[in-house]
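Undergrad: For reference, this is data-v1.csv, and it has CSV, N, CA and C atoms.
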chain,number,residue,atom,x,y,z
A,1,MET,N,0.8,-1.2,0.0
A,1,MET,CA,0.0,0.0,0.0
A,1,MET,C,0.9,1.2,0.0
A,2,ASN,N,0.4,2.2,-0.8
A,2,ASN,CA,1.2,3.5,-0.7
A,2,ASN,C,0.4,4.4,0.3
A,3,LYS,N,1.0,5.6,0.5
A,3,LYS,CA,0.5,6.5,1.5
A,3,LYS,C,-0.9,6.9,1.2
A,4,SER,N,-1.3,7.2,0.0
A,4,SER,CA,-2.7,7.6,-0.3
A,4,SER,C,-3.7,6.5,-0.1
A,5,GLU,N,-3.3,5.3,-0.4
A,5,GLU,CA,-4.2,4.1,-0.1
A,5,GLU,C,-4.4,3.9,1.4
A,6,VAL,N,-3.3,4.1,2.2
A,6,VAL,CA,-3.5,4.0,3.6
A,6,VAL,C,-4.4,5.1,4.2
A,7,LEU,N,-4.2,6.3,3.7
A,7,LEU,CA,-5.0,7.4,4.2
A,7,LEU,C,-6.5,7.2,3.8
A,8,LYS,N,-6.7,6.7,2.6
A,8,LYS,CA,-8.1,6.4,2.2
A,8,LYS,C,-8.7,5.3,3.1
A,9,ALA,N,-8.0,4.3,3.4
A,9,ALA,CA,-8.5,3.2,4.3
A,9,ALA,C,-8.8,3.8,5.6
A,10,LEU,N,-8.0,4.7,6.2
A,10,LEU,CA,-8.3,5.3,7.4
A,10,LEU,C,-9.6,6.2,7.4
A,11,ARG,N,-9.7,6.9,6.3
A,11,ARG,CA,-10.9,7.8,6.2
A,11,ARG,C,-12.2,6.9,6.1
A,12,GLU,N,-12.1,5.8,5.4
A,12,GLU,CA,-13.3,4.9,5.3
A,12,GLU,C,-13.5,3.9,6.4
A,13,GLY,N,-12.6,3.9,7.4
A,13,GLY,CA,-12.8,3.1,8.6
A,13,GLY,C,-12.5,1.6,8.3
A,14,ARG,N,-11.7,1.3,7.3
A,14,ARG,CA,-11.4,0.0,6.8
A,14,ARG,C,-10.1,-0.5,7.5
A,15,MET,N,-10.2,-0.7,8.9
A,15,MET,CA,-9.0,-1.1,9.6
A,15,MET,C,-9.4,-1.9,10.9
A,16,TYR,N,-8.4,-2.5,11.4
A,16,TYR,CA,-8.5,-3.1,12.8
A,16,TYR,C,-7.2,-2.8,13.5
A,17,VAL,N,-7.2,-2.9,14.8
A,17,VAL,CA,-6.0,-2.7,15.6
A,17,VAL,C,-5.6,-4.0,16.3
A,18,VAL,N,-4.3,-4.2,16.5
A,18,VAL,CA,-3.8,-5.4,17.2
A,18,VAL,C,-2.9,-4.9,18.2
A,19,GLY,N,-3.0,-5.3,19.5
A,19,GLY,CA,-2.2,-4.9,20.5
A,19,GLY,C,-1.7,-6.1,21.3
A,20,GLY,N,-0.6,-5.9,22.0
A,20,GLY,CA,0.0,-6.9,22.9
A,20,GLY,C,1.3,-7.5,22.3
A,21,ALA,N,1.9,-8.4,23.0
A,21,ALA,CA,3.2,-9.0,22.6
A,21,ALA,C,2.9,-9.8,21.3
A,22,GLY,N,3.8,-9.7,20.4
A,22,GLY,CA,3.7,-10.5,19.1
A,22,GLY,C,2.4,-10.1,18.4
A,23,ASN,N,2.1,-8.8,18.5
A,23,ASN,CA,0.8,-8.4,17.9
A,23,ASN,C,0.7,-8.4,16.4
A,24,SER,N,1.7,-8.5,15.7
A,24,SER,CA,1.6,-8.4,14.2
A,24,SER,C,1.4,-9.8,13.6
A,25,ASN,N,1.3,-10.8,14.5
A,25,ASN,CA,1.2,-12.2,14.0
A,25,ASN,C,-0.2,-12.7,13.7
A,26,LEU,N,-1.2,-12.0,14.2
A,26,LEU,CA,-2.6,-12.4,13.9
A,26,LEU,C,-3.1,-11.5,12.7
A,27,VAL,N,-3.6,-12.2,11.6
A,27,VAL,CA,-4.0,-11.5,10.5
A,27,VAL,C,-5.5,-11.8,10.3
A,28,LEU,N,-6.4,-10.8,10.2
A,28,LEU,CA,-7.8,-11.0,9.9
A,28,LEU,C,-7.9,-10.9,8.4
A,29,ASP,N,-8.1,-12.1,7.7
A,29,ASP,CA,-8.2,-12.1,6.3
A,29,ASP,C,-9.6,-11.7,5.8
A,30,GLU,N,-10.6,-11.9,6.6
A,30,GLU,CA,-12.0,-11.5,6.2
A,30,GLU,C,-12.9,-11.3,7.4
A,31,PHE,N,-13.6,-10.2,7.4
A,31,PHE,CA,-14.7,-10.0,8.3
A,31,PHE,C,-15.7,-9.2,7.5
A,32,SER,N,-16.8,-9.9,7.1
A,32,SER,CA,-17.8,-9.4,6.2
A,32,SER,C,-19.2,-9.8,6.6
A,33,ILE,N,-20.2,-9.1,6.1
A,33,ILE,CA,-21.6,-9.5,6.2
A,33,ILE,C,-22.2,-9.6,4.9
A,34,TYR,N,-23.1,-10.5,4.7
A,34,TYR,CA,-23.8,-10.7,3.4
A,34,TYR,C,-25.3,-10.7,3.7
A,35,ASP,N,-26.0,-10.3,2.6
A,35,ASP,CA,-27.5,-10.4,2.6
A,35,ASP,C,-27.8,-11.7,1.8
A,36,SER,N,-28.6,-12.6,2.4
A,36,SER,CA,-28.9,-13.9,1.7
A,36,SER,C,-29.7,-13.7,0.4
A,37,ILE,N,-30.5,-12.6,0.3
A,37,ILE,CA,-31.3,-12.4,-0.9
A,37,ILE,C,-30.6,-11.7,-2.0
A,38,SER,N,-30.0,-10.6,-1.7
A,38,SER,CA,-29.4,-9.7,-2.7
A,38,SER,C,-27.9,-10.0,-2.9
A,39,ASN,N,-27.3,-10.8,-2.0
A,39,ASN,CA,-25.9,-11.0,-2.0
A,39,ASN,C,-25.1,-9.7,-1.8
A,40,ASN,N,-25.7,-8.7,-1.3
A,40,ASN,CA,-24.9,-7.5,-0.9
A,40,ASN,C,-23.9,-7.9,0.1
A,41,LYS,N,-22.7,-7.3,0.0
A,41,LYS,CA,-21.6,-7.7,0.9
A,41,LYS,C,-21.0,-6.4,1.4
A,42,GLY,N,-20.6,-6.4,2.7
A,42,GLY,CA,-20.0,-5.3,3.3
A,42,GLY,C,-18.8,-5.7,4.1
A,43,ILE,N,-17.8,-4.9,4.2
A,43,ILE,CA,-16.6,-5.2,5.0
A,43,ILE,C,-16.5,-4.0,6.0
A,44,VAL,N,-15.5,-4.1,6.8
A,44,VAL,CA,-15.3,-3.0,7.9
A,44,VAL,C,-15.4,-1.7,7.3
A,45,GLY,N,-16.2,-0.8,7.9
A,45,GLY,CA,-16.4,0.6,7.4
A,45,GLY,C,-17.6,0.7,6.5
A,46,ASP,N,-18.2,-0.4,6.0
A,46,ASP,CA,-19.3,-0.3,5.0
A,46,ASP,C,-20.6,-0.3,5.8
A,47,GLU,N,-21.7,0.1,5.0
A,47,GLU,CA,-23.1,-0.1,5.4
A,47,GLU,C,-23.7,-1.0,4.3
A,48,VAL,N,-24.4,-2.0,4.8
A,48,VAL,CA,-25.0,-3.0,3.8
A,48,VAL,C,-26.5,-3.0,4.1
A,49,SER,N,-27.3,-3.0,3.0
A,49,SER,CA,-28.7,-3.2,3.1
A,49,SER,C,-29.0,-4.6,3.1
A,50,ILE,N,-29.9,-5.0,4.1
A,50,ILE,CA,-30.2,-6.4,4.3
A,50,ILE,C,-31.7,-6.6,4.1
A,51,LYS,N,-32.0,-7.5,3.2
A,51,LYS,CA,-33.5,-7.9,2.9
A,51,LYS,C,-33.8,-9.2,3.5
A,52,GLY,N,-32.8,-10.1,3.5
A,52,GLY,CA,-33.1,-11.5,3.9
A,52,GLY,C,-32.3,-11.8,5.2
A,53,LYS,N,-31.7,-13.0,5.2
A,53,LYS,CA,-30.9,-13.4,6.4
A,53,LYS,C,-29.5,-12.7,6.4
A,54,LEU,N,-29.0,-12.4,7.5
A,54,LEU,CA,-27.7,-11.7,7.7
A,54,LEU,C,-26.7,-12.8,8.0
A,55,LEU,N,-25.7,-12.9,7.1
A,55,LEU,CA,-24.7,-13.9,7.2
A,55,LEU,C,-23.3,-13.2,7.4
A,56,LEU,N,-22.5,-13.7,8.4
A,56,LEU,CA,-21.2,-13.2,8.7
A,56,LEU,C,-20.1,-14.2,8.3
A,57,LYS,N,-19.0,-13.7,7.8
A,57,LYS,CA,-17.9,-14.5,7.5
A,57,LYS,C,-16.7,-13.9,8.2
A,58,ILE,N,-15.9,-14.8,8.9
A,58,ILE,CA,-14.8,-14.4,9.7
A,58,ILE,C,-13.6,-15.3,9.3
A,59,ARG,N,-12.5,-14.8,8.8
A,59,ARG,CA,-11.4,-15.7,8.5
A,59,ARG,C,-10.1,-15.1,9.0
A,60,GLY,N,-9.2,-15.9,9.5
A,60,GLY,CA,-7.9,-15.4,10.0
A,60,GLY,C,-6.9,-16.4,10.3
A,61,VAL,N,-5.7,-16.0,10.5
A,61,VAL,CA,-4.6,-16.9,10.8
A,61,VAL,C,-3.6,-16.2,11.8
A,62,LEU,N,-3.1,-17.0,12.7
A,62,LEU,CA,-2.0,-16.6,13.6
A,62,LEU,C,-0.7,-17.2,13.1
A,63,PHE,N,0.2,-16.4,12.7
A,63,PHE,CA,1.4,-16.9,12.1
A,63,PHE,C,2.5,-17.3,13.0
A,64,ASP,N,2.5,-16.9,14.3
A,64,ASP,CA,3.5,-17.3,15.3
A,64,ASP,C,3.3,-18.7,15.8
A,65,LYS,N,4.2,-19.6,15.3
A,65,LYS,CA,4.1,-21.0,15.7
A,65,LYS,C,4.2,-21.2,17.2
A,66,GLU,N,5.0,-20.4,17.9
A,66,GLU,CA,5.2,-20.5,19.3
A,66,GLU,C,4.0,-20.1,20.1
A,67,LYS,N,3.1,-19.3,19.6
A,67,LYS,CA,1.9,-18.8,20.3
A,67,LYS,C,0.6,-19.4,19.8
A,68,GLN,N,0.8,-20.5,19.1
A,68,GLN,CA,-0.4,-21.3,18.6
A,68,GLN,C,-1.2,-21.7,19.8
A,69,GLY,N,-2.5,-21.8,19.7
A,69,GLY,CA,-3.3,-22.3,20.8
A,69,GLY,C,-4.7,-21.7,20.5
A,70,GLN,N,-5.4,-21.6,21.6
A,70,GLN,CA,-6.8,-21.2,21.6
A,70,GLN,C,-6.9,-19.7,21.2
A,71,ILE,N,-7.8,-19.4,20.3
A,71,ILE,CA,-8.1,-18.1,19.8
A,71,ILE,C,-9.6,-17.9,20.2
A,72,ASN,N,-9.9,-16.8,20.9
A,72,ASN,CA,-11.3,-16.5,21.3
A,72,ASN,C,-11.8,-15.3,20.5
A,73,VAL,N,-12.9,-15.6,19.7
A,73,VAL,CA,-13.5,-14.7,18.8
A,73,VAL,C,-14.8,-14.2,19.4
A,74,LYS,N,-15.0,-12.9,19.7
A,74,LYS,CA,-16.2,-12.4,20.2
A,74,LYS,C,-16.9,-11.5,19.1
A,75,LEU,N,-18.1,-11.9,18.8
A,75,LEU,CA,-18.9,-11.2,17.9
A,75,LEU,C,-19.8,-10.2,18.7
A,76,ILE,N,-19.7,-8.9,18.4
A,76,ILE,CA,-20.5,-7.9,19.1
A,76,ILE,C,-21.4,-7.2,18.2
A,77,ARG,N,-22.7,-7.1,18.6
A,77,ARG,CA,-23.7,-6.4,17.9
A,77,ARG,C,-24.2,-5.2,18.7
A,78,ASN,N,-24.1,-4.0,18.2
A,78,ASN,CA,-24.6,-2.8,18.9
A,78,ASN,C,-24.0,-2.7,20.4
A,79,GLY,N,-22.8,-3.1,20.5
A,79,GLY,CA,-22.1,-3.0,21.8
A,79,GLY,C,-22.4,-4.2,22.8
A,80,CYS,N,-23.2,-5.2,22.4
A,80,CYS,CA,-23.5,-6.3,23.2
A,80,CYS,C,-22.9,-7.6,22.6
A,81,LEU,N,-22.4,-8.5,23.4
A,81,LEU,CA,-21.9,-9.7,23.0
A,81,LEU,C,-23.0,-10.6,22.5
A,82,VAL,N,-22.8,-11.1,21.2
A,82,VAL,CA,-23.8,-12.0,20.6
A,82,VAL,C,-23.3,-13.4,20.7
A,83,LYS,N,-22.0,-13.7,20.4
A,83,LYS,CA,-21.5,-15.0,20.3
A,83,LYS,C,-20.0,-15.0,20.6
A,84,THR,N,-19.6,-16.0,21.4
A,84,THR,CA,-18.2,-16.3,21.6
A,84,THR,C,-17.8,-17.6,20.9
A,85,ILE,N,-16.8,-17.6,20.1
A,85,ILE,CA,-16.4,-18.8,19.4
A,85,ILE,C,-14.9,-19.1,19.7
A,86,ASP,N,-14.6,-20.3,20.2
A,86,ASP,CA,-13.2,-20.6,20.4
A,86,ASP,C,-12.7,-21.4,19.2
A,87,VAL,N,-11.6,-21.0,18.6
A,87,VAL,CA,-11.0,-21.6,17.4
A,87,VAL,C,-9.5,-21.8,17.5
A,88,THR,N,-8.9,-22.5,16.6
A,88,THR,CA,-7.5,-22.5,16.5
A,88,THR,C,-7.1,-22.0,15.1
A,89,SER,N,-5.9,-21.7,14.9
A,89,SER,CA,-5.4,-21.1,13.6
A,89,SER,C,-5.0,-22.2,12.6
A,90,PRO,N,-5.4,-22.0,11.3
A,90,PRO,CA,-6.2,-20.9,10.8
A,90,PRO,C,-7.6,-21.2,11.1
A,91,PHE,N,-8.5,-20.1,11.0
A,91,PHE,CA,-9.9,-20.3,11.4
A,91,PHE,C,-10.8,-19.7,10.3
A,92,ALA,N,-11.9,-20.3,10.1
A,92,ALA,CA,-13.0,-19.9,9.2
A,92,ALA,C,-14.3,-20.0,9.9
A,93,ILE,N,-15.0,-19.0,10.1
A,93,ILE,CA,-16.3,-19.0,10.8
A,93,ILE,C,-17.4,-18.4,9.8
A,94,ASP,N,-18.5,-19.2,9.6
A,94,ASP,CA,-19.7,-18.7,8.9
A,94,ASP,C,-20.8,-18.7,10.0
A,95,TYR,N,-21.4,-17.6,10.1
A,95,TYR,CA,-22.4,-17.4,11.2
A,95,TYR,C,-23.7,-16.7,10.7
A,96,GLU,N,-24.8,-17.2,10.9
A,96,GLU,CA,-26.1,-16.5,10.6
A,96,GLU,C,-26.6,-15.9,11.9
A,97,ASP,N,-26.7,-14.6,11.9
A,97,ASP,CA,-27.3,-13.9,13.0
A,97,ASP,C,-28.7,-13.7,12.8
A,98,VAL,N,-29.5,-14.2,13.8
A,98,VAL,CA,-31.0,-14.0,13.8
A,98,VAL,C,-31.3,-12.8,14.7
A,99,TYR,N,-31.4,-11.6,14.0
A,99,TYR,CA,-31.7,-10.4,14.7
A,99,TYR,C,-33.2,-10.1,14.7
A,100,SER,N,-33.8,-9.9,15.9
A,100,SER,CA,-35.2,-9.6,15.9
A,100,SER,C,-35.5,-8.3,16.7
A,101,GLY,N,-34.5,-7.4,16.8
A,101,GLY,CA,-34.7,-6.2,17.5
A,101,GLY,C,-35.5,-5.2,16.7
A,102,GLU,N,-35.7,-4.0,17.3
A,102,GLU,CA,-36.5,-3.0,16.7
A,102,GLU,C,-35.7,-2.0,15.8
A,103,ASP,N,-34.4,-2.0,16.0
A,103,ASP,CA,-33.5,-1.1,15.3
A,103,ASP,C,-33.4,-1.5,13.8
A,104,ASN,N,-33.6,-0.6,12.9
A,104,ASN,CA,-33.4,-0.9,11.5
A,104,ASN,C,-32.0,-0.8,11.1
A,105,LYS,N,-31.1,-0.1,11.9
A,105,LYS,CA,-29.7,0.0,11.6
A,105,LYS,C,-28.9,-0.5,12.8
A,106,ILE,N,-28.0,-1.5,12.6
A,106,ILE,CA,-27.2,-2.0,13.7
A,106,ILE,C,-25.8,-2.1,13.2
A,107,TYR,N,-24.9,-2.5,14.1
A,107,TYR,CA,-23.5,-2.7,13.7
A,107,TYR,C,-22.9,-3.9,14.3
A,108,TYR,N,-21.9,-4.4,13.7
A,108,TYR,CA,-21.1,-5.6,14.2
A,108,TYR,C,-19.7,-5.2,14.2
A,109,ARG,N,-19.0,-5.7,15.2
A,109,ARG,CA,-17.5,-5.6,15.3
A,109,ARG,C,-17.0,-6.9,16.0
A,110,LEU,N,-15.7,-7.1,15.9
A,110,LEU,CA,-15.1,-8.2,16.5
A,110,LEU,C,-14.0,-7.8,17.6
A,111,GLU,N,-13.9,-8.7,18.6
A,111,GLU,CA,-12.8,-8.7,19.5
A,111,GLU,C,-12.2,-10.1,19.5
A,112,ILE,N,-10.9,-10.2,19.1
A,112,ILE,CA,-10.3,-11.5,19.0
A,112,ILE,C,-9.1,-11.5,20.0
A,113,GLN,N,-9.2,-12.4,21.0
A,113,GLN,CA,-8.1,-12.6,21.9
A,113,GLN,C,-7.3,-13.8,21.6
A,114,PHE,N,-6.0,-13.7,21.6
A,114,PHE,CA,-5.1,-14.8,21.3
A,114,PHE,C,-3.9,-14.7,22.3
A,115,SER,N,-3.1,-15.7,22.3
A,115,SER,CA,-1.9,-15.7,23.2
A,115,SER,C,-1.1,-14.5,23.0
A,116,GLY,N,-1.0,-13.6,23.9
A,116,GLY,CA,-0.2,-12.5,23.8
A,116,GLY,C,-0.8,-11.2,23.2
A,117,GLY,N,-2.1,-11.3,22.8
A,117,GLY,CA,-2.6,-10.1,22.2
A,117,GLY,C,-4.1,-10.1,22.0
A,118,ILE,N,-4.6,-9.0,21.4
A,118,ILE,CA,-6.0,-8.8,21.1
A,118,ILE,C,-6.1,-8.0,19.8
A,119,LEU,N,-7.1,-8.4,19.0
A,119,LEU,CA,-7.5,-7.7,17.8
A,119,LEU,C,-8.9,-7.1,17.9
A,120,ILE,N,-9.1,-5.8,17.5
A,120,ILE,CA,-10.4,-5.2,17.6
A,120,ILE,C,-10.6,-4.5,16.3
A,121,THR,N,-11.8,-4.8,15.7
A,121,THR,CA,-12.1,-4.2,14.4
A,121,THR,C,-13.0,-3.0,14.5
A,122,ASN,N,-13.0,-2.2,13.5
A,122,ASN,CA,-14.0,-1.2,13.3
A,122,ASN,C,-15.3,-1.9,13.0
A,123,PRO,N,-16.4,-1.2,13.0
A,123,PRO,CA,-17.7,-1.8,12.7
A,123,PRO,C,-18.1,-2.0,11.3
A,124,ILE,N,-19.0,-2.9,11.0
A,124,ILE,CA,-19.7,-3.0,9.8
A,124,ILE,C,-21.1,-2.7,10.1
A,125,PHE,N,-21.8,-1.8,9.3
A,125,PHE,CA,-23.2,-1.4,9.6
A,125,PHE,C,-24.1,-2.2,8.7
A,126,ALA,N,-25.3,-2.6,9.3
A,126,ALA,CA,-26.3,-3.3,8.5
A,126,ALA,C,-27.6,-2.5,8.7
A,127,LYS,N,-28.3,-2.3,7.5
A,127,LYS,CA,-29.5,-1.6,7.5
A,127,LYS,C,-30.6,-2.5,7.0
A,128,PHE,N,-31.6,-2.8,7.8
A,128,PHE,CA,-32.7,-3.7,7.4
A,128,PHE,C,-33.7,-3.0,6.5
A,129,VAL,N,-34.0,-3.5,5.3
A,129,VAL,CA,-34.9,-3.0,4.4
A,129,VAL,C,-36.0,-4.0,4.3
A,130,HIS,N,-37.3,-3.5,4.5
A,130,HIS,CA,-38.4,-4.4,4.5
A,130,HIS,C,-39.3,-4.1,3.4
Go through the file and emit its structure as structure tokens.

TA:
Amino acid sequence: MNKSEVLKALREGRMYVVGGAGNSNLVLDEFSIYDSISNNKGIVGDEVSIKGKLLLKIRGVLFDKEKQGQINVKLIRNGCLVKTIDVTSPFAIDYEDVYSGEDNKIYYRLEIQFSGGILITNPIFAKFVH
């Protein structure tokens, strides 16, 4: 990436942060939401219109062989924990969220804890269209 691409990603909220020892070794390859009817897709920083079922895809890998072990993925919707999933590296999670709240616009983000660190994403917004 060049400087202008990095600045564009920052402006659009297309990023996540990783902290802790060995923090550069966990890579989030995909965090996206899909609409089951229109196949609309959104990634971090996007807003996606949802007409059908809301599907989430989460993919990642921990490259540090010495820190391999349990990875704890927390899916958060509107600030509340929806699901905790324990995985090992590499991981691939497909999840259908059944949202029945009154809000027409919600957001999702991730907190991923691993040996020596934590990864936190910016949100993806979903707008329900009926």

Undergrad: Quick one: pick out all helix (DSSP H, G or I) residues within chain A from a backbone DSSP run and write them as a PyMOL selection string.

TA: chain A and resi 3-12+23-25+65-67

Undergrad: Using only C-alpha atoms, can you tell me which of A:Ala126, A:Ile71, A:Val98, A:Val6 comes closest to Ser32 in chain A?

TA: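 Answer, going by the shortest atom-to-atom distance: A:Ala126.
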
Undergrad: Run DSSP on the backbone and give me the residues of chain A it puts in strand (DSSP E), as a VMD selection string.

TA: chain A and resid 16 to 20 26 to 35 41 to 43 47 to 50 54 to 62 71 to 77 80 to 87 91 to 97 105 to 114 117 to 121 124 to 128

Undergrad: Given only C-alpha atoms, how would the per-residue table for range 52-79 of chain A near range 102-114 of chain A read, listing every residue at most 8 Å away with its closest atom pair and distance in Å to one decimal, sorted by chain and number, as CSV?

TA:
residue,atom,partner,partner_atom,distance
A:Gly69,CA,A:Phe114,CA,7.7
A:Gln70,CA,A:Phe114,CA,6.6
A:Ile71,CA,A:Phe114,CA,4.7
A:Asn72,CA,A:Gln113,CA,5.1
A:Val73,CA,A:Ile112,CA,4.5
A:Lys74,CA,A:Glu111,CA,5.1
A:Leu75,CA,A:Leu110,CA,5.0
A:Ile76,CA,A:Arg109,CA,5.4
A:Arg77,CA,A:Tyr108,CA,4.6
A:Asn78,CA,A:Tyr107,CA,5.3

Undergrad: Between A:Leu55, A:Val17, A:Leu10, A:Asn40, which residue has the minimum interatomic distance to Asp97 in chain A, considering only N, CA and C atoms?

TA: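 Result for the nearest residue to Asp97 in chain A: A:Leu55.
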
Undergrad: One number please: CA of Asp94 in chain A to CA of Val129 in chain A, in Å, one decimal.

TA: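 Result for CA of Asp94 in chain A versus CA of Val129 in chain A: 22.3 Å, one decimal.
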
Undergrad: Using only C-alpha atoms, pick whichever of A:Met1, A:Leu7, A:Val44, A:Ala92 has the shortest atom-to-atom distance to Phe31 in chain A.

TA: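 Under the stated criterion, the closest residue is A:Val44.
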
Undergrad: Find the distance between atom C of Val48 in chain A and atom N of Tyr34 in chain A and write it in Å to one decimal.

TA: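 Computing it gives 8.3 Å between the two atoms.
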
Undergrad: Compare A:Tyr16, A:Phe91, A:Phe63, A:Tyr99 by their minimum atom-to-atom distance to Phe128 in chain A, counting only C-alpha atoms, and give me the closest one.

TA: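 Closest to Phe128 in chain A, using only C-alpha atoms: A:Tyr99.
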
Undergrad: Would you pick out the contacts of Asp64 in chain A at 7 Å or less, using only N, CA and C atoms, so that residues sharing its chain but fewer than 3 positions from it are not included, and give the list as a PDB file with N, CA and C atoms, in the coordinates of the input?

TA:
ATOM      1  N   ASN A  25       1.300 -10.800  14.500  1.00  0.00           N
ATOM      2  CA  ASN A  25       1.200 -12.200  14.000  1.00  0.00           C
ATOM      3  C   ASN A  25      -0.200 -12.700  13.700  1.00  0.00           C
ATOM      4  N   LEU A  26      -1.200 -12.000  14.200  1.00  0.00           N
ATOM      5  CA  LEU A  26      -2.600 -12.400  13.900  1.00  0.00           C
ATOM      6  C   LEU A  26      -3.100 -11.500  12.700  1.00  0.00           C
ATOM      7  N   VAL A  61      -5.700 -16.000  10.500  1.00  0.00           N
ATOM      8  CA  VAL A  61      -4.600 -16.900  10.800  1.00  0.00           C
ATOM      9  C   VAL A  61      -3.600 -16.200  11.800  1.00  0.00           C
ATOM     10  N   LYS A  67       3.100 -19.300  19.600  1.00  0.00           N
ATOM     11  CA  LYS A  67       1.900 -18.800  20.300  1.00  0.00           C
ATOM     12  C   LYS A  67       0.600 -19.400  19.800  1.00  0.00           C
ATOM     13  N   GLN A  68       0.800 -20.500  19.100  1.00  0.00           N
ATOM     14  CA  GLN A  68      -0.400 -21.300  18.600  1.00  0.00           C
ATOM     15  C   GLN A  68      -1.200 -21.700  19.800  1.00  0.00           C
TER      16      GLN A  68
END

Undergrad: What does the structure give for the distance between CA of Lys41 in chain A and atom C of Leu56 in chain A, in Å to one decimal?

TA: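 CA of Lys41 in chain A sits 10.0 Å away from atom C of Leu56 in chain A.
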
Undergrad: Near Asp46 in chain A, counting only C-alpha atoms, which residues have an atom at most 7 Å away, once you skip same-chain residues fewer than 3 positions from it, shown as a compact mmCIF listing (two decimals) with N, CA and C atoms, keeping the file's coordinate frame?

TA:
# COMPACT_ATOMS: atom_id res chain seq x y z
N GLY A 42 -20.60 -6.40 2.70
CA GLY A 42 -20.00 -5.30 3.30
C GLY A 42 -18.80 -5.70 4.10
N ILE A 43 -17.80 -4.90 4.20
CA ILE A 43 -16.60 -5.20 5.00
C ILE A 43 -16.50 -4.00 6.00
N ILE A 124 -19.00 -2.90 11.00
CA ILE A 124 -19.70 -3.00 9.80
C ILE A 124 -21.10 -2.70 10.10
N PHE A 125 -21.80 -1.80 9.30
CA PHE A 125 -23.20 -1.40 9.60
C PHE A 125 -24.10 -2.20 8.70

Undergrad: For a cutoff of 6 Å around the file-coordinate point (-0.1, -7.1, 26.3), which residues qualify once you count only C-alpha atoms? I'd like the result as a list in words.

TA: Gly20, Ala21, Gly116 and Gly117 of chain A

Undergrad: Considering only N, CA and C atoms, state which residue in the set A:Asp35, A:Arg14, A:Asp29, A:Thr88 is at the smallest distance from Ile50 in chain A.

TA: A:Asp35
